[in-house]
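Novice: So that we are looking at the same thing, I have put the structure below in structure tokens.
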Amino acid sequence: MPDVSVNGSPARVPAGHTVADLLRAATGSPAPRGVAVALNGTVVRRADWPTTGLSEGDRVEVLTAKQGG
Amino acid sequence: MPDVSVNGSPARVPAGHTVADLLRAATGSPAPRGVAVALNGTVVRRADWPTTGLSEGDRVEVLTAKQGG
Amino acid sequence: MPDVSVNGSPARVPAGHTVADLLRAATGSPAPRGVAVALNGTVVRRADWPTTGLSEGDRVEVLTAKQGG
Amino acid sequence: MPDVSVNGSPARVPAGHTVADLLRAATGSPAPRGVAVALNGTVVRRADWPTTGLSEGDRVEVLTAKQGG
Amino acid sequence: MWQLAGQQLGSRLILGTGGAGSPQALERAIVASGTELVTVALRRIDAGGPGGLLDVIERCGVRVLPNTAGCYTATEAVKLAHLAREAFETGWVKLEVIGDERTLLPDAVELLAATEQLVADGFTVLPYTNDDPVLARRLADAGAAAVMPAGAPIGSGLGITNPHHIRLIRQSVEVPVVLDAGIGTASDAALAMELGCDAVLLASAVTRAADPAGMAEAMRYAVAAGRLAYESGRIPKRFYALASTVDEGRPEL
Amino acid sequence: MWQLAGQQLGSRLILGTGGAGSPQALERAIVASGTELVTVALRRIDAGGPGGLLDVIERCGVRVLPNTAGCYTATEAVKLAHLAREAFETGWVKLEVIGDERTLLPDAVELLAATEQLVADGFTVLPYTNDDPVLARRLADAGAAAVMPAGAPIGSGLGITNPHHIRLIRQSVEVPVVLDAGIGTASDAALAMELGCDAVLLASAVTRAADPAGMAEAMRYAVAAGRLAYESGRIPKRFYALASTVDEGRPEL
Amino acid sequence: MWQLAGQQLGSRLILGTGGAGSPQALERAIVASGTELVTVALRRIDAGGPGGLLDVIERCGVRVLPNTAGCYTATEAVKLAHLAREAFETGWVKLEVIGDERTLLPDAVELLAATEQLVADGFTVLPYTNDDPVLARRLADAGAAAVMPAGAPIGSGLGITNPHHIRLIRQSVEVPVVLDAGIGTASDAALAMELGCDAVLLASAVTRAADPAGMAEAMRYAVAAGRLAYESGRIPKRFYALASTVDEGRPEL
Amino acid sequence: MWQLAGQQLGSRLILGTGGAGSPQALERAIVASGTELVTVALRRIDAGGPGGLLDVIERCGVRVLPNTAGCYTATEAVKLAHLAREAFETGWVKLEVIGDERTLLPDAVELLAATEQLVADGFTVLPYTNDDPVLARRLADAGAAAVMPAGAPIGSGLGITNPHHIRLIRQSVEVPVVLDAGIGTASDAALAMELGCDAVLLASAVTRAADPAGMAEAMRYAVAAGRLAYESGRIPKRFYALASTVDEGRPEL
């Protein structure tokens with residue numbers, strides 16, 4: 001049960017949890033449209049979401065479109 | 001045969017000549033559309049054209065629409 | 001004892017009172033520098049101040065320099 | 001007798017000629033006021049003018065004040 | 001839609017016909033501009049008759065607004081207005097009484113006198129005036145159906161040299177304010193509308209452009225744009241920036 | 001029609017989505033503006049999921065241009081651009097690298113560095129820049145697909161504070177010039193186009209107006225007007241007047 | 001040195017006395033300004049007598065120019081001018097006939113009528129006018145000794161809202177042109193002189209500044225600077241740069 | 001008095017020597033300007049020796065500020081600065097690194113690099129910069145002793161094309177701000193000071209005027225006027241008028 005940070009907040013995820021798992025929990029879909037994910041500051045390609053596991057101390061950013069100029 | 005001035009140029013018109021006669025000679029119509037007539041500096045109403053005679057020394061201005069700002 | 005108006009305020013002056021008398025009462029001098037007088041809306045020349053009497057109902061304006069742009 | 005370039009023009013100088021010698025020939029003084037010298041693109045300090053010799057192929061720039069904004 | 005002297009008008013652009021290179025170019029410009037009202041001058045008839053200007057205007061289905069261009073006195077202008085009424089069967093007149101041939105700016109005293117006379121004679125008087133708010137109010141008080149201040153000298157293309165005065169005029173009168181003269185390009189026309197003008201009158205900017213029909217269309221859009229902006233409540237001016245993108249939710253990368 | 005990075009676009013207006021009061025207001029503004037391209041930011045997802053912004057954009061049938069708003073270094077901006085490419089499946093990016101939080105003006109050095117990196121990474125880079133013609137040319141030389149100079153600070157509504165520099169930028173680069181930031185009202189947008197810009201990008205002027213949809217329509221017309229005026233060859237500016245009505249044929253009254 | 005109505009004057013600055021916080025502050029400002037001519041109003045005398053304003057002016061050794069501030073008709077203004085002549089033993093008058101209390105701009109018709117009357121009465125008439133070149137010429141034709149156009153409304157500090165009209169006025173009359181009203185700061189006064197004005201008249205800009213004496217000195221220098229610049233033949237404006245340092249002789253480093 | 005890099009200076013005018021028609025004209029201009037600091041370029045010596053420019057400067061008793069005009073890279077500019085230090089025995093340098101030969105505007109990236117290097121080499125660096133507030137702050141952060149933004153391209157005489165940016169620069173840095181380049185006439189220089197600049201640097205405006213000494217004196221007064229105005233607290237701008245003459249006590253006539 002690694003401790004990670006998701007969008008700046010601490011979270012505990014099951015061992016073996018992937019990015020896709022995280023997204024499913026957060027949005028209902030393992031590959032939501034209009035979403036990007038950074039793991040420790042680096043983009044994780046959409047294709048790699050199902051296979052990218054989360055480890056202790058990982059910083060995950062899950063981003064989507066907001067109004068902007 | 002009075003001597004008159006039409007639009008600044010001297011002209012001789014038959015005795016008894018009216019404004020309407022003058023217009024017919026100049027434009028083909030005794031009451032052309034879009035035309036106004038001044039006799040000695042004063043407007044002659046359209047209705048009075050057939051009955052307004054020209055006298056020696058009269059200054060007639062026959063005016064129509066030109067491009068203007 | 002005619003009733004007059006001086007600068008918009010009612011005043012009663014002695015009979016025979018002149019503009020010069022009025023000025024002496026108001027300013028201490030019968031011919032103060034930098035002052036002009038209007039009687040019923042018309043200027044009274046400085047030279048005429050001693051001889052211009054006030055009558056019932058006269059409107060007197062006594063003016064001087066004020067700051068102005 | 002090395003061949004050098006002085007301010008972009010070819011020049012032949014005596015063997016052992018120094019920057020100071022060059023300046024004397026050019027300006028009448030071995031250390032003229034308001035003058036700077038670059039040898040092959042690098043400034044030569046004033047103190048080093050008498051001891052800096054010129055070699056074959058050297059590019060010398062002798063500069064002074066001109067009107068400038 | 002706006003009202004000028006009781007007439008409903010869809011377009012807020014009034015087009016002067018002067019300066020056009022040919023009747024064809026003029027017709028294309030009138031159509032492209034979307035205008036419903038065009039000015040004409042009254043001049044001596046040519047040998048060939050009344051000429052085709054009225055035909056062009058009729059084909060375009062627009063109204064005629066005669067002007068008194070070239071008059072330097074109230075007396076002249078009043079006479080010319082009466083002649084125009086006779087020629088075009090309209091009591092509307094764009095009243096010009098010029099005071100100076102270099103600037104073609106109006107003469108305030110003569111303009112006011114002519115306005116008073118023509119109002120008394122039953123005309124719908126639309127005076128071409130300068131940008132003096134006091135004169136504008138006096139013209140309106142005298143019965144002018146609108147006031148039409150110059151943004152800059154006729155044909156100069158300098159735009160609106162004193163926007164502050166145009167704003168003051170807008171506040172000084174109840175009647176429509178028509179920016180007349182000086183417009184050079186589309187942003188000038190849009191600005192006029194943003195200052196609160198009800199309409200724009202222009203001629204040279206279109207007729208003397210390299211492509212009159214193209215510029216006429218530009219002016220059509222510019223007037224619409226300026227009016228919409230005026231009505232839509234623009235943002236205030238700020239010295240510093242105000243972010244359009246919120247900072248909240250910015251990731252740590 | 002114009003081309004931006006090989007794409008045909010009908011509208012020369014790019015709309016920023018920031019500042020809108022509600023998705024409904026935004027949608028009405030997008031439709032009224034006629035735009036085909038809107039900017040969006042990338043921010044942390046809310047509890048409820050991706051939210052409806054992309055739905056709005058999809059309904060409007062317009063393209064998405066992600067920005068890197070809020071980044072102060074090239075490194076940050078480059079990372080955010082990569083994330084945006086992943087999220088929106090587009091290689092286009094409005095590159096913002098801010099140098100000062102009060103003015104939100106870009107940092108020239110960081111902006112150029114980020115442009116170079118993103119071009120190398122295969123992006124279509126549209127940098128938000130200041131109005132320096134030299135920097136504009138260096139951005140273009142570095143491979144930017146357009147340059148997008150600020151007319152004034154973001155959200156300030158000050159318009160184009162230095163039209164001379166915008167003209168110089170237009171002459172300095174071959175790529176499209178998009179006036180980005182500072183627009184307050186319709187005449188500002190028309191002026192931008194008259195200075196030779198290929199398009200205008202604005203957000204606050206529309207989204208924060210009292211009536212966003214009305215102002216969006218105003219901007220649509222303003223951009224069209226300014227472009228038409230630019231193409232139609234405006235009249236020269238003259239110190240004196242030039243009569244639009246000929247004097248010839250003036251009657252003696 | 002310049003001439004106004006036959007009088008030699010060294011200073012091209014005319015100072016209005018209105019708005020000063022105290023006689024002391026006024027006196028310091030008059031001295032610091034270097035002016036030789038100050039305006040005063042005529043108002044009802046207070047209980048205490050004529051008051052010290054004339055004493056201040058006398059101590060400063062400057063001439064008095066009475067105004068007709070507050071008059072709305074030619075009749076009133078003419079009467080007040082006659083009273084001023086009697087009070088101050090001068091035939092000079094700054095003629096003000098106001099047309100609107102919000103803008104305090106003059107009424108063209110009344111102003112011209114009053115000018116004609118006062119010239120007939122032997123006055124040296126210096127009318128405060130608007131920036132209409134046609135009215136300026138008519139005032140000069142009527143015998144005004146100078147024309148004094150407003151740059152902007154009195155006390156507004158907006159500067160010269162229409163430099164083009166000031167230039168046109170300078171060309172329209174032979175008499176001196178004095179920029180009167182609207183000046184806010186030193187560069188406004190310098191600009192007035194660069195436009196060809198012979199002098200500047202201002203009050204509020206000095207008397208209501210935080211430091212009136214400091215601003216008076218600023219205006220003294222500004223007027224001198226602007227006149228010198230006008231006489232010294234400024235460089236033309238160029239779209240591009242022109243190097244001030246020659247390229248010739250640049251080293252290869 | 002003000003301080004530049006620890007030096008007290010009485011005059012806030014820095015004069016460029018480029019463009020003068022003759023040494024005599026230059027000398028008269030230097031004297032008339034009241035400056036205490038003049039710029040010079042470094043160029044290849046002529047056959048006849050160092051020439052008389054330094055003699056002129058010495059006779060005038062003013063300090064020398066060498067520039068790096070004509071350099072397009074940081075490397076070149078750094079070398080030239082070192083040569084200038086050797087020639088003129090001063091560590092002060094007006095740092096120019098040009099980015100474009102048409103506008104002669106600086107290259108932001110190269111300018112910052114050169115500033116960093118020269119500061120490290122112990123110079124007192126006075127960079128000629130553009131009007132970007134962000135770059136100004138970065139130059140100051142890098143150790144520049146002042147920032148010297150262009151008002152407009154060198155020699156263009158366009159004045160201050162973006163006063164808003166000059167104000168922003170004044171707020172962005174602690175070091176002195178010297179308006180450098182673009183000044184055309186006296187009111188431009190006064191405006192620069194009113195915007196908060198500590199000094200003005202100009203060459204062409206004086207040296208290429210019809211009467212250089214007259215224009216130099218104009219600039220002397222203009223800079224003094226603008227500074228005094230800045231310090232004296234100008235009146236606010238108002239939309240309407242504010243009477244300078246009180247209404248109270250107005251007579252009934």
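Each chain in the structure tokens gets a letter, A, B and so on, in the order shown; residues start at 1 in every chain, and ligands are counted from 1 in the order they appear.
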If you count only C-alpha atoms, which residues fall within 8 Å of Thr18 of chain A, apart from same-chain ones fewer than 2 positions away, as a PDB file with C-alpha atoms, in the first residue's frame?

Specialist:
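Below you can see part31.pdb, which holds the result:
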```pdb
ATOM      1  CA  GLY A  16       0.298  -2.800  -7.905  1.00  0.00           C
ATOM      2  CA  ALA A  20      -5.137   3.517 -15.210  1.00  0.00           C
ATOM      3  CA  ASP A  21      -6.431   2.196 -11.896  1.00  0.00           C
ATOM      4  CA  LEU A  22      -6.012   5.600 -10.347  1.00  0.00           C
ATOM      5  CA  TRP A  49      -1.322   4.230 -18.371  1.00  0.00           C
ATOM      6  CA  PRO A  50      -2.398   0.605 -17.926  1.00  0.00           C
ATOM      7  CA  THR A  51       1.155  -0.578 -17.374  1.00  0.00           C
ATOM      8  CA  THR A  52       2.623   2.220 -15.299  1.00  0.00           C
ATOM      9  CA  GLY A  53       2.584   1.228 -11.662  1.00  0.00           C
ATOM     10  CA  LEU A  54       2.716   3.598  -8.722  1.00  0.00           C
TER      11      LEU A  54
END
```

Novice: Provide as a ChimeraX atom specification the residues of chain B at most 12 Å from chain F, counting only C-alpha atoms.

Specialist: /B:5-9,36-43,59-69

Novice: Could those selected residues go to a file with N, CA and C atoms, as an mmCIF file, in the first residue's frame?

Specialist:
```
data_model
loop_
_atom_site.group_PDB
_atom_site.id
_atom_site.type_symbol
_atom_site.label_atom_id
_atom_site.label_comp_id
_atom_site.auth_asym_id
_atom_site.auth_seq_id
_atom_site.Cartn_x
_atom_site.Cartn_y
_atom_site.Cartn_z
ATOM 1 N N SER B 5 -30.067 84.173 -68.647
ATOM 2 C CA SER B 5 -28.871 83.392 -68.331
ATOM 3 C C SER B 5 -29.340 82.060 -67.764
ATOM 4 N N VAL B 6 -28.840 80.969 -68.335
ATOM 5 C CA VAL B 6 -29.195 79.634 -67.846
ATOM 6 C C VAL B 6 -27.921 78.957 -67.340
ATOM 7 N N ASN B 7 -27.912 78.652 -66.058
ATOM 8 C CA ASN B 7 -26.728 78.035 -65.440
ATOM 9 C C ASN B 7 -25.456 78.807 -65.778
ATOM 10 N N GLY B 8 -25.572 80.121 -65.759
ATOM 11 C CA GLY B 8 -24.392 80.963 -65.919
ATOM 12 C C GLY B 8 -24.034 81.285 -67.347
ATOM 13 N N SER B 9 -24.729 80.670 -68.306
ATOM 14 C CA SER B 9 -24.434 80.940 -69.718
ATOM 15 C C SER B 9 -25.567 81.750 -70.334
ATOM 16 N N ALA B 36 -34.429 70.736 -59.914
ATOM 17 C CA ALA B 36 -34.999 71.917 -59.267
ATOM 18 C C ALA B 36 -34.610 73.139 -60.080
ATOM 19 N N VAL B 37 -35.435 74.158 -59.986
ATOM 20 C CA VAL B 37 -35.195 75.367 -60.769
ATOM 21 C C VAL B 37 -35.254 76.582 -59.838
ATOM 22 N N ALA B 38 -34.211 77.438 -59.986
ATOM 23 C CA ALA B 38 -34.217 78.726 -59.284
ATOM 24 C C ALA B 38 -34.317 79.827 -60.326
ATOM 25 N N LEU B 39 -35.169 80.765 -60.059
ATOM 26 C CA LEU B 39 -35.300 81.919 -60.950
ATOM 27 C C LEU B 39 -34.854 83.147 -60.165
ATOM 28 N N ASN B 40 -33.790 83.747 -60.620
ATOM 29 C CA ASN B 40 -33.216 84.903 -59.924
ATOM 30 C C ASN B 40 -32.987 84.606 -58.440
ATOM 31 N N GLY B 41 -32.491 83.409 -58.204
ATOM 32 C CA GLY B 41 -32.063 83.072 -56.846
ATOM 33 C C GLY B 41 -33.147 82.485 -55.963
ATOM 34 N N THR B 42 -34.357 82.376 -56.495
ATOM 35 C CA THR B 42 -35.452 81.843 -55.672
ATOM 36 C C THR B 42 -36.025 80.598 -56.322
ATOM 37 N N VAL B 43 -36.340 79.629 -55.492
ATOM 38 C CA VAL B 43 -36.860 78.381 -56.009
ATOM 39 C C VAL B 43 -38.205 78.610 -56.717
ATOM 40 N N ARG B 59 -32.141 85.239 -64.453
ATOM 41 C CA ARG B 59 -31.100 84.249 -64.210
ATOM 42 C C ARG B 59 -31.789 82.956 -63.795
ATOM 43 N N VAL B 60 -31.601 81.939 -64.594
ATOM 44 C CA VAL B 60 -32.236 80.651 -64.310
ATOM 45 C C VAL B 60 -31.148 79.643 -63.927
ATOM 46 N N GLU B 61 -31.394 78.905 -62.855
ATOM 47 C CA GLU B 61 -30.499 77.806 -62.482
ATOM 48 C C GLU B 61 -31.309 76.515 -62.552
ATOM 49 N N VAL B 62 -30.813 75.560 -63.303
ATOM 50 C CA VAL B 62 -31.461 74.253 -63.404
ATOM 51 C C VAL B 62 -30.509 73.239 -62.771
ATOM 52 N N LEU B 63 -30.962 72.641 -61.712
ATOM 53 C CA LEU B 63 -30.057 71.828 -60.890
ATOM 54 C C LEU B 63 -30.537 70.389 -60.799
ATOM 55 N N THR B 64 -29.583 69.524 -60.579
ATOM 56 C CA THR B 64 -29.948 68.119 -60.392
ATOM 57 C C THR B 64 -28.936 67.441 -59.475
ATOM 58 N N ALA B 65 -29.155 66.181 -59.202
ATOM 59 C CA ALA B 65 -28.312 65.457 -58.249
ATOM 60 C C ALA B 65 -26.944 65.160 -58.832
ATOM 61 N N LYS B 66 -25.927 65.466 -58.061
ATOM 62 C CA LYS B 66 -24.571 65.044 -58.368
ATOM 63 C C LYS B 66 -24.001 64.343 -57.149
ATOM 64 N N GLN B 67 -22.964 63.572 -57.397
ATOM 65 C CA GLN B 67 -22.314 62.907 -56.260
ATOM 66 C C GLN B 67 -21.841 63.950 -55.253
ATOM 67 N N GLY B 68 -22.122 63.690 -53.995
ATOM 68 C CA GLY B 68 -21.698 64.646 -52.978
ATOM 69 C C GLY B 68 -21.685 64.005 -51.617
ATOM 70 N N GLY B 69 -20.783 64.508 -50.751
ATOM 71 C CA GLY B 69 -20.453 63.815 -49.484
ATOM 72 C C GLY B 69 -21.408 64.140 -48.360
#
```

Novice: Which residues of chain F are close to chain E, meaning at most 6 Å apart when you count only C-alpha atoms, and how do they look as a CSV table (one decimal) with C-alpha atoms, in the first residue's frame?

Specialist:
```
chain,number,residue,atom,x,y,z
F,18,GLY,CA,-10.8,32.2,-19.5
F,19,GLY,CA,-13.0,34.5,-17.4
F,43,ARG,CA,-5.3,22.3,-14.5
F,44,ARG,CA,-5.8,19.6,-11.9
F,102,ARG,CA,1.9,42.0,-12.1
F,103,THR,CA,2.0,42.5,-15.9
F,153,PRO,CA,-1.1,43.4,-20.4
F,154,ILE,CA,-3.5,40.4,-20.3
F,155,GLY,CA,-6.9,41.5,-19.2
F,156,SER,CA,-6.0,45.2,-19.0
F,157,GLY,CA,-8.3,46.3,-21.9
F,158,LEU,CA,-5.8,49.0,-22.8
F,186,ALA,CA,-14.1,46.3,-30.9
F,187,SER,CA,-12.1,49.2,-32.4
F,190,ALA,CA,-10.2,46.3,-35.9
F,191,LEU,CA,-7.0,48.3,-35.4
F,209,ALA,CA,-18.0,42.1,-20.8
F,210,ALA,CA,-21.4,42.8,-19.4
F,211,ASP,CA,-22.9,40.9,-22.3
F,214,GLY,CA,-23.0,40.6,-27.6
F,215,MET,CA,-19.3,41.5,-27.3
F,218,ALA,CA,-18.9,42.7,-31.9
F,221,TYR,CA,-17.5,42.0,-37.0
F,222,ALA,CA,-14.5,44.1,-35.8
F,225,ALA,CA,-14.0,44.9,-40.7
F,226,GLY,CA,-10.3,45.5,-39.9
F,228,LEU,CA,-11.3,44.2,-45.1
F,229,ALA,CA,-10.1,47.7,-44.4
F,232,SER,CA,-9.1,47.6,-49.4
F,233,GLY,CA,-6.4,50.2,-49.4
F,234,ARG,CA,-7.4,53.0,-47.1
F,235,ILE,CA,-7.2,56.7,-48.1
F,237,LYS,CA,-4.1,61.0,-44.1
F,238,ARG,CA,-4.2,64.6,-45.1
F,240,TYR,CA,-6.3,69.7,-44.7
F,241,ALA,CA,-9.7,68.8,-46.1
F,242,LEU,CA,-10.4,67.3,-49.5
F,244,SER,CA,-16.0,65.0,-51.3
F,245,THR,CA,-18.5,67.1,-53.2
F,249,GLY,CA,-21.5,73.3,-61.2
F,250,ARG,CA,-22.3,75.1,-58.0
```

Novice: Which residues are near Pro2 of chain C? Cut-off 9 Å, only C-alpha atoms, ignore same chain within fewer than 3 positions. Put them as a list in words.

Specialist: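 In the requested form, the answer reads Ala11, Arg12, Val13, Pro14, Ala15, Gly16, Leu54, Ser55, Glu56, Gly57 and Asp58 of chain C.
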
Novice: Among the residues of segment 7-251 of chain H, find those DSSP assigns to helix (DSSP H, G or I) from the backbone and print them as a ChimeraX atom specification.

Specialist: /H:23-33,53-60,74-88,108-120,133-141,163-172,186-194,204-207,212-232

Novice: Can you pull out the residues contacting Met148 of chain F? Cut-off 6 Å, using only C-alpha atoms, and skip same-chain residues under 4 positions away; I want them as an NGL selection string.

Specialist: :F and (127-129 or 177-180)

Novice: Those selected residues, please, written with all heavy atoms and delivered as a tab-separated table (two decimals), in the first residue's frame.

Specialist:
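Wrote it out as selection.tsv, contents follow:
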```tsv
chain	number	residue	atom	x	y	z
F	127	PRO	N	3.89	31.18	-29.76
F	127	PRO	CA	4.32	31.85	-28.53
F	127	PRO	C	3.60	33.17	-28.30
F	127	PRO	O	3.49	34.00	-29.21
F	127	PRO	CB	5.82	32.08	-28.74
F	127	PRO	CG	6.01	32.07	-30.22
F	127	PRO	CD	4.93	31.22	-30.81
F	128	TYR	N	3.11	33.34	-27.09
F	128	TYR	CA	2.62	34.63	-26.61
F	128	TYR	C	3.85	35.45	-26.26
F	128	TYR	O	4.60	35.11	-25.35
F	128	TYR	CB	1.74	34.42	-25.37
F	128	TYR	CG	1.54	35.64	-24.54
F	128	TYR	CD1	0.84	36.75	-25.04
F	128	TYR	CD2	2.07	35.74	-23.25
F	128	TYR	CE1	0.68	37.89	-24.27
F	128	TYR	CE2	1.90	36.87	-22.47
F	128	TYR	CZ	1.21	37.94	-22.99
F	128	TYR	OH	1.05	39.08	-22.24
F	129	THR	N	4.08	36.54	-27.01
F	129	THR	CA	5.31	37.30	-26.82
F	129	THR	C	4.98	38.75	-26.50
F	129	THR	O	3.82	39.14	-26.45
F	129	THR	CB	6.20	37.17	-28.09
F	129	THR	OG1	7.43	37.86	-27.89
F	129	THR	CG2	5.52	37.73	-29.32
F	177	VAL	N	1.02	36.82	-37.71
F	177	VAL	CA	1.10	37.60	-36.48
F	177	VAL	C	-0.31	37.64	-35.89
F	177	VAL	O	-1.26	38.06	-36.56
F	177	VAL	CB	1.60	39.03	-36.76
F	177	VAL	CG1	1.56	39.87	-35.48
F	177	VAL	CG2	3.00	39.01	-37.36
F	178	VAL	N	-0.43	37.20	-34.64
F	178	VAL	CA	-1.72	37.18	-33.97
F	178	VAL	C	-1.64	38.13	-32.77
F	178	VAL	O	-0.82	37.93	-31.87
F	178	VAL	CB	-2.07	35.76	-33.48
F	178	VAL	CG1	-3.42	35.76	-32.78
F	178	VAL	CG2	-2.06	34.77	-34.64
F	179	LEU	N	-2.46	39.16	-32.80
F	179	LEU	CA	-2.46	40.10	-31.68
F	179	LEU	C	-3.11	39.41	-30.50
F	179	LEU	O	-4.30	39.04	-30.57
F	179	LEU	CB	-3.22	41.37	-32.06
F	179	LEU	CG	-3.00	42.64	-31.26
F	179	LEU	CD1	-3.60	42.55	-29.87
F	179	LEU	CD2	-1.52	43.03	-31.14
F	180	ASP	N	-2.37	39.23	-29.43
F	180	ASP	CA	-2.84	38.43	-28.30
F	180	ASP	C	-2.68	39.25	-27.03
F	180	ASP	O	-1.58	39.63	-26.68
F	180	ASP	CB	-1.96	37.17	-28.24
F	180	ASP	CG	-2.38	36.23	-27.11
F	180	ASP	OD1	-3.34	36.54	-26.40
F	180	ASP	OD2	-1.70	35.20	-26.94
```

Novice: Between atom CA of Leu111 of chain H and atom CA of Val78 of chain F, what distance in Å does the model show, to one decimal?

Specialist: 24.3 Å

Novice: Can you tell me, as a PyMOL selection string, what residues are no more than 12 Å from Val147 of chain G when counting only C-alpha atoms, ignoring any on the same chain fewer than 2 positions away?

Specialist: chain G and resi 4-5+93-96+111-112+115+124-145+149-150+166+169-170+172-180+197-201

Novice: Run DSSP on the backbone and grab whatever in segment 144-253 of chain G lands in strand (DSSP E); send it over as an NGL selection string.

Specialist: :G and (148-149 or 178-180 or 199-202)

Novice: Distance atom CA of Gly196 of chain H-atom CA of Arg12 of chain H, one decimal place?

Specialist: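 Here the two named atoms are 12.0 Å from each other.
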
Novice: Could you check how far atom CA of Ala81 of chain H sits from atom CA of Ala108 of chain H, in Å to one decimal?

Specialist: 17.8 Å
